[in-house]
>>> print(open('upload_10.cif').read())   # mmCIF, C-alpha atoms
data_entry
#
loop_
_atom_site.label_atom_id
_atom_site.label_comp_id
_atom_site.auth_asym_id
_atom_site.auth_seq_id
_atom_site.Cartn_x
_atom_site.Cartn_y
_atom_site.Cartn_z
CA MET W 1 117.48 214.25 88.80
CA SER W 2 119.71 211.53 90.09
CA LYS W 3 118.75 212.40 93.66
CA ASP W 4 115.05 212.06 92.73
CA PHE W 5 115.66 208.75 91.14
CA GLU W 6 117.57 207.56 94.16
CA GLN W 7 114.74 208.63 96.41
CA GLN W 8 112.25 206.86 94.25
CA LEU W 9 114.28 203.68 94.41
CA ARG W 10 114.65 203.94 98.15
CA ASP W 11 110.89 204.41 98.51
CA ALA W 12 110.17 201.48 96.29
CA LEU W 13 112.57 199.17 97.98
CA ARG W 14 111.87 200.17 101.50
CA PRO W 15 111.16 197.27 103.84
CA VAL W 16 107.46 196.77 104.28
CA ASP W 17 105.87 194.72 107.03
CA PRO W 18 103.59 191.94 105.78
CA GLU W 19 99.88 192.08 106.38
CA GLU W 20 98.65 190.78 109.66
CA GLY W 21 98.22 186.97 109.63
CA PHE W 22 100.42 186.55 106.59
CA GLU W 23 102.76 184.17 108.36
CA GLN W 24 99.89 182.05 109.69
CA ARG W 25 98.31 181.85 106.23
CA VAL W 26 101.59 180.79 104.68
CA MET W 27 102.20 178.19 107.38
CA ALA W 28 98.64 176.90 107.09
CA ARG W 29 98.97 176.50 103.35
CA VAL W 30 102.30 174.73 103.70
CA ALA W 31 100.73 172.37 106.21
CA ARG W 32 97.65 171.86 104.02
CA GLU W 33 99.39 170.84 100.80
CA PRO W 34 100.81 167.44 101.90
CA ALA W 35 97.56 166.64 103.75
CA GLY W 36 95.62 167.13 100.51
CA LEU W 37 97.98 164.79 98.73
CA ARG W 38 97.64 162.28 101.54
CA SER W 39 93.86 162.47 101.41
CA LYS W 40 93.99 162.00 97.64
CA ILE W 41 96.12 158.88 98.06
CA LYS W 42 93.76 157.67 100.80
CA ARG W 43 90.77 158.24 98.55
CA TRP W 44 92.38 156.31 95.71
CA THR W 45 93.37 153.48 98.03
CA ALA W 46 89.82 153.25 99.35
CA THR W 47 88.42 153.24 95.81
CA LEU W 48 90.85 150.53 94.75
CA ALA W 49 90.04 148.49 97.85
CA ILE W 50 86.30 148.76 97.15
CA ALA W 51 86.86 147.84 93.49
CA ALA W 52 89.03 144.88 94.49
CA SER W 53 86.41 143.74 97.04
CA LEU W 54 83.66 144.03 94.44
CA ALA W 55 85.74 142.09 91.93
CA PHE W 56 86.43 139.42 94.56
CA VAL W 57 82.74 139.17 95.46
CA ALA W 58 81.83 138.98 91.75
CA ILE W 59 84.42 136.25 91.08
CA LEU W 60 83.33 134.32 94.18
CA GLY W 61 79.67 134.68 93.17
CA ALA W 62 80.42 133.52 89.63
CA TYR W 63 82.39 130.55 90.96
CA GLN W 64 79.59 129.57 93.35
CA TRP W 65 76.99 130.00 90.59
CA GLN W 66 79.08 127.80 88.29
CA GLU W 67 79.50 125.24 91.09
CA ARG W 68 75.75 125.21 91.81
CA ARG W 69 74.96 124.92 88.11
CA GLU W 70 77.33 122.00 87.79
CA GLN W 71 75.70 120.28 90.76
CA GLN W 72 72.26 120.89 89.26
CA GLY W 73 73.47 119.53 85.93
CA LEU W 74 74.93 116.41 87.50
CA GLU W 75 71.74 115.89 89.51
CA ALA W 76 69.65 116.35 86.34
CA ARG W 77 71.88 113.83 84.56
CA ARG W 78 71.46 111.34 87.42
CA GLN W 79 67.69 111.84 87.36
CA LEU W 80 67.57 111.44 83.59
CA LEU W 81 69.47 108.16 83.68
CA GLU W 82 67.27 106.95 86.56
CA ALA W 83 64.11 107.96 84.64
CA LEU W 84 65.29 106.13 81.53
CA ARG W 85 66.20 103.10 83.63
CA VAL W 86 62.69 102.98 85.18
CA THR W 87 61.06 103.56 81.78
CA GLY W 88 63.19 100.88 80.12
CA GLU W 89 62.49 98.47 82.96
CA LYS W 90 58.72 98.83 82.60
CA LEU W 91 58.85 98.72 78.80
CA ASP W 92 60.92 95.58 79.11
CA VAL W 93 58.21 93.91 81.21
CA ALA W 94 55.69 94.70 78.47
CA TYR W 95 58.01 93.60 75.64
CA GLN W 96 58.76 90.33 77.39
CA ALA W 97 55.07 89.66 77.98
CA VAL W 98 54.17 90.53 74.38
CA ASN W 99 57.00 88.37 73.04
CA ARG W 100 55.92 85.44 75.23
CA GLU W 101 52.40 85.73 73.81
CA SER W 102 53.36 86.29 70.14
CA PRO W 103 54.41 83.46 67.77
CA PRO W 104 58.13 82.96 67.00
CA PRO W 105 59.64 85.58 64.64
CA THR W 106 59.33 85.00 60.88
CA ASP W 107 62.17 85.00 58.32
CA ASP W 108 61.96 88.77 57.70
CA GLY W 109 63.39 89.22 61.15
CA SER W 110 61.01 92.05 62.20
CA GLY W 111 60.80 91.98 65.95
CA ALA W 112 58.83 93.99 68.55
CA MET E 1 17.04 132.89 92.84
CA ASN E 2 19.39 135.36 91.18
CA ALA E 3 22.14 134.50 93.66
CA LEU E 4 21.61 130.78 93.04
CA PHE E 5 21.89 131.39 89.30
CA LYS E 6 25.11 133.37 89.78
CA HIS E 7 26.57 130.61 91.99
CA SER E 8 25.67 127.97 89.42
CA ILE E 9 27.33 129.99 86.65
CA ALA E 10 30.47 130.44 88.79
CA ILE E 11 30.63 126.70 89.59
CA LEU E 12 30.11 125.80 85.92
CA CYS E 13 32.84 128.25 84.85
CA GLY E 14 35.19 126.81 87.48
CA ALA E 15 34.46 123.24 86.37
CA PHE E 16 34.95 124.24 82.73
CA LEU E 17 38.30 125.89 83.49
CA LEU E 18 39.40 122.83 85.48
CA CYS E 19 38.46 120.49 82.64
CA ALA E 20 40.07 122.82 80.09
CA SER E 21 43.34 122.96 82.03
CA ALA E 22 43.35 119.17 82.44
CA ALA E 23 42.62 118.77 78.75
CA THR E 24 45.43 121.19 77.88
CA PHE E 25 47.83 119.20 80.03
CA ALA E 26 46.71 115.96 78.41
CA ALA E 27 46.81 117.46 74.91
CA ASN E 28 50.44 118.46 75.46
CA GLY E 29 51.19 114.93 76.47
CA GLN E 30 51.83 116.05 80.03
CA LEU E 31 49.64 114.39 82.61
CA LYS E 32 48.51 116.09 85.77
CA LEU E 33 50.15 113.84 88.33
CA PRO E 34 48.59 113.77 91.79
CA ASN E 35 50.54 115.06 94.74
CA PHE E 36 52.08 111.94 96.21
CA ASP E 37 53.90 113.75 99.04
CA SER E 38 51.99 111.82 101.70
CA LEU E 39 53.20 108.55 100.17
CA THR E 40 56.86 109.50 100.44
CA ASP E 41 56.78 108.91 104.20
CA LYS E 42 54.84 105.65 103.86
CA ALA E 43 56.99 104.22 101.08
CA SER E 44 60.12 102.24 101.82
CA GLU E 45 61.59 103.61 98.61
CA SER E 46 60.45 106.44 96.40
CA VAL E 47 61.62 107.96 93.16
CA THR E 48 60.31 111.37 92.14
CA ILE E 49 61.72 112.74 88.93
CA THR E 50 60.56 115.93 87.28
CA LEU E 51 62.61 116.92 84.29
CA ASP E 52 61.24 119.71 82.15
CA ALA E 53 62.79 120.90 78.90
CA ALA E 54 65.27 123.19 80.69
CA LEU E 55 66.47 120.47 83.05
CA LEU E 56 66.67 117.96 80.22
CA GLY E 57 68.83 120.41 78.30
CA MET E 58 71.02 120.85 81.36
CA ALA E 59 71.29 117.09 81.87
CA THR E 60 72.24 116.59 78.22
CA ARG E 61 75.18 118.96 78.63
CA PHE E 62 76.53 116.68 81.35
CA LEU E 63 76.23 113.51 79.29
CA ASP E 64 79.37 112.10 77.72
CA ALA E 65 78.71 111.05 74.13
CA SER E 66 81.73 108.71 74.21
CA ASP E 67 80.16 106.69 77.04
CA PRO E 68 77.75 104.04 75.62
CA GLU E 69 75.16 104.52 78.39
CA ASP E 70 75.21 108.30 78.00
CA ALA E 71 75.18 108.05 74.20
CA ALA E 72 72.06 105.86 74.38
CA ALA E 73 70.43 108.42 76.68
CA ILE E 74 71.29 111.27 74.28
CA GLU E 75 69.68 109.36 71.41
CA ALA E 76 66.64 108.37 73.47
CA ILE E 77 65.76 111.89 74.60
CA LYS E 78 66.04 113.60 71.22
CA GLY E 79 62.73 115.42 70.70
CA ILE E 80 61.62 114.85 74.28
CA LYS E 81 60.41 117.89 76.21
CA GLY E 82 59.83 116.42 79.63
CA ILE E 83 60.12 113.27 81.71
CA TYR E 84 58.11 112.75 84.87
CA VAL E 85 58.50 109.64 87.00
CA ARG E 86 56.82 108.66 90.25
CA LYS E 87 57.76 105.30 91.69
CA TYR E 88 56.91 104.08 95.19
CA THR E 89 57.78 100.81 96.87
CA PHE E 90 56.06 99.73 100.07
CA ASP E 91 56.59 97.11 102.76
CA ASP E 92 52.88 96.20 102.75
CA ASP E 93 50.48 95.21 100.01
CA PHE E 94 48.40 97.96 98.41
CA ALA E 95 49.52 100.70 100.77
CA TYR E 96 48.96 103.22 98.02
CA PRO E 97 45.60 104.81 97.17
CA LYS E 98 44.25 103.27 93.98
CA SER E 99 42.16 106.38 93.41
CA ASP E 100 45.30 108.39 92.60
CA VAL E 101 46.35 105.84 90.00
CA ASP E 102 42.80 105.83 88.63
CA MET E 103 42.90 109.61 88.39
CA VAL E 104 45.94 109.37 86.13
CA ARG E 105 44.33 106.53 84.15
CA LYS E 106 41.24 108.69 83.64
CA GLN E 107 43.32 111.39 81.92
CA LEU E 108 44.46 108.79 79.43
CA SER E 109 40.93 108.40 78.13
CA ALA E 110 41.22 111.89 76.60
CA PRO E 111 41.26 112.11 72.80
CA GLY E 112 44.59 111.27 71.24
CA TRP E 113 45.73 108.84 73.90
CA GLN E 114 45.80 105.21 72.81
CA GLN E 115 46.52 102.17 74.86
CA LEU E 116 49.46 100.43 73.23
CA VAL E 117 49.94 97.49 75.55
CA GLN E 118 48.26 96.14 78.63
CA VAL E 119 50.01 93.37 80.49
CA LYS E 120 48.31 91.65 83.38
CA SER E 121 50.33 89.01 85.11
CA ARG E 122 48.23 87.08 87.59
CA LYS E 123 51.25 85.13 88.77
CA GLU E 124 53.34 88.17 89.63
CA GLN E 125 50.25 90.30 90.29
CA GLN E 126 51.74 92.82 87.95
CA ASN E 127 49.84 95.19 85.73
CA VAL E 128 51.60 97.31 83.11
CA GLU E 129 49.76 99.68 80.82
CA ILE E 130 51.47 101.65 78.09
CA TYR E 131 49.72 104.54 76.40
CA ILE E 132 50.86 106.85 73.62
CA LEU E 133 49.51 110.20 72.56
CA VAL E 134 49.19 110.19 68.79
CA GLU E 135 49.06 113.56 67.07
CA GLN E 136 49.37 113.86 63.30
CA GLU E 137 50.51 110.25 63.13
CA ARG E 138 53.34 110.91 65.54
CA ALA E 139 53.77 109.74 69.11
CA ASN E 140 53.93 112.97 71.13
CA GLY E 141 53.52 111.51 74.57
CA LEU E 142 54.02 108.31 76.47
CA ALA E 143 52.50 107.15 79.70
CA ILE E 144 53.26 104.00 81.64
CA ILE E 145 51.25 102.89 84.62
CA ALA E 146 52.72 99.88 86.32
CA SER E 147 51.33 98.48 89.52
CA GLN E 148 52.18 95.59 91.77
CA PRO E 149 50.88 94.93 95.28
CA ARG E 150 53.89 96.64 96.82
CA GLU E 151 54.93 99.01 94.10
CA PHE E 152 53.46 101.43 91.65
CA THR E 153 55.11 103.45 88.95
CA ILE E 154 53.89 106.22 86.73
CA VAL E 155 56.03 107.41 83.85
CA ASN E 156 55.06 110.31 81.64
CA ILE E 157 57.24 111.35 78.74
CA VAL E 158 56.31 114.48 76.82
CA GLY E 159 57.45 115.24 73.30
CA SER E 160 58.20 113.44 70.08
CA ILE E 161 58.95 109.87 71.05
CA ASP E 162 60.80 107.32 69.00
CA MET E 163 59.69 104.00 70.46
CA ARG E 164 62.49 102.24 68.60
CA LYS E 165 65.09 104.34 70.44
CA LEU E 166 63.40 103.69 73.76
CA HIS E 167 63.41 99.99 72.91
CA GLU E 168 67.13 100.31 72.18
CA LEU E 169 67.58 101.19 75.84
CA GLU E 170 67.51 97.45 76.40
CA GLY E 171 70.97 96.37 77.32
CA GLN E 172 71.59 99.82 78.83
CA PHE E 173 70.98 101.06 82.39
CA GLY E 174 71.04 97.51 83.70
CA ILE E 175 68.01 96.45 81.64
CA PRO E 176 68.55 92.94 80.28
CA LYS E 177 68.52 92.47 76.52
CA LEU E 178 65.32 90.74 75.44
CA GLU E 179 67.05 88.35 73.03
CA LEU E 180 69.26 87.05 75.83
CA GLU E 181 66.20 86.51 78.00
CA GLN E 182 64.52 84.56 75.20
CA LYS E 183 67.57 82.34 74.71
CA LYS E 184 67.51 81.47 78.40
CA GLN E 185 63.88 80.37 78.24
#
>>> encode(input="upload_10.cif", output="structure tokens")
Amino acid sequence: MSKDFEQQLRDALRPVDPEEGFEQRVMARVAREPAGLRSKIKRWTATLAIAASLAFVAILGAYQWQERREQQGLEARRQLLEALRVTGEKLDVAYQAVNRESPPPTDDGSGA
Amino acid sequence: MNALFKHSIAILCGAFLLCASAATFAANGQLKLPNFDSLTDKASESVTITLDAALLGMATRFLDASDPEDAAAIEAIKGIKGIYVRKYTFDDDFAYPKSDVDMVRKQLSAPGWQQLVQVKSRKEQQNVEIYILVEQERANGLAIIASQPREFTIVNIVGSIDMRKLHELEGQFGIPKLELEQKKQ
């Protein structure tokens, strides 16, 4: 009984050669693992770089848009003041002419 | 005969559409200003201002209410939807085509437009005409045609106009105050 058991144990624990290519597979896997991690890091870095570039472009675009809008606004303001100046100047010519023609103002003080 | 009839109809429709569009412009208070591009090269000085409602709104945002000149401008343009100015100064007499000025003047004969003032100064050879577009007893448009031998100006203001506020522009933008002028005389 004990001899059988011993034999069984010996059979079970006998040294067995690994399958062919086992070593290469193990070595390949060991080599592959850090590369995968590296590629993951690379992928994340690239994504972050693209995101940062996009954010930079967006901020730059917004800044330029704001700058252009401010220039347009200042130009519109300049044009408005110029337009009012020209309008006032021509109205003034008419007012002066009308006032020259009309009799002096009465006591109620109503002017042109 | 049929083709001639079709052509006539097409021409009539075109003319009607042209008149209708001009009338629409005039009814809004906005005049159809001629293209004065050719004059820009001839003129010694030119001012071309086209401010529609959007640009006026933009300009208003850049005005400083604490500045007296800007505050006067803010008050003056309340209710105004557009300002269009064409002003040309020349080195020679009557270098500008009178027909263009007449074309603008013609639009002011449309219903609603009334001539407010006409000033003809023989001495200074200056002619200033002021027209307003009256709709429902309100001035909804203003047109000024001012001509001198070496200068002509067309101003068209669209929208609800308060003439009193425009008059208050005197003393602003370098325009002399009328009372001061009268005292000098």
>>> interface_residues(input="upload_10.cif", of="chain W", to="chain E", cutoff="12 Å", atoms="all atoms listed in the file", output="ChimeraX atom specification")
/W:69-101,104-105,111-112
>>> resolve_selection(input="upload_10.cif", expression="the PyMOL selection byres ((chain E and resi 30-38) around 9)", output="CSV table (one decimal) with C-alpha atoms, keeping the file's coordinate frame")
chain,number,residue,atom,x,y,z
E,22,ALA,CA,43.4,119.2,82.4
E,24,THR,CA,45.4,121.2,77.9
E,25,PHE,CA,47.8,119.2,80.0
E,26,ALA,CA,46.7,116.0,78.4
E,27,ALA,CA,46.8,117.5,74.9
E,28,ASN,CA,50.4,118.5,75.5
E,29,GLY,CA,51.2,114.9,76.5
E,39,LEU,CA,53.2,108.6,100.2
E,40,THR,CA,56.9,109.5,100.4
E,41,ASP,CA,56.8,108.9,104.2
E,42,LYS,CA,54.8,105.6,103.9
E,82,GLY,CA,59.8,116.4,79.6
E,83,ILE,CA,60.1,113.3,81.7
E,84,TYR,CA,58.1,112.8,84.9
E,86,ARG,CA,56.8,108.7,90.2
E,100,ASP,CA,45.3,108.4,92.6
E,101,VAL,CA,46.4,105.8,90.0
E,103,MET,CA,42.9,109.6,88.4
E,104,VAL,CA,45.9,109.4,86.1
E,107,GLN,CA,43.3,111.4,81.9
E,108,LEU,CA,44.5,108.8,79.4
E,141,GLY,CA,53.5,111.5,74.6
E,142,LEU,CA,54.0,108.3,76.5
E,143,ALA,CA,52.5,107.2,79.7
E,154,ILE,CA,53.9,106.2,86.7
E,156,ASN,CA,55.1,110.3,81.6
E,157,ILE,CA,57.2,111.4,78.7
E,158,VAL,CA,56.3,114.5,76.8
E,159,GLY,CA,57.4,115.2,73.3
>>> atom_distance(input="upload_10.cif", atom1="CA of Trp113 (chain E)", atom2="CA of Ser46 (chain E)")
27.0 Å
>>> atom_distance(input="upload_10.cif", atom1="CA of Thr45 (chain W)", atom2="CA of Val26 (chain W)")
29.3 Å
>>> atom_distance(input="upload_10.cif", atom1="CA of Arg105 (chain E)", atom2="CA of Tyr88 (chain E)")
16.9 Å
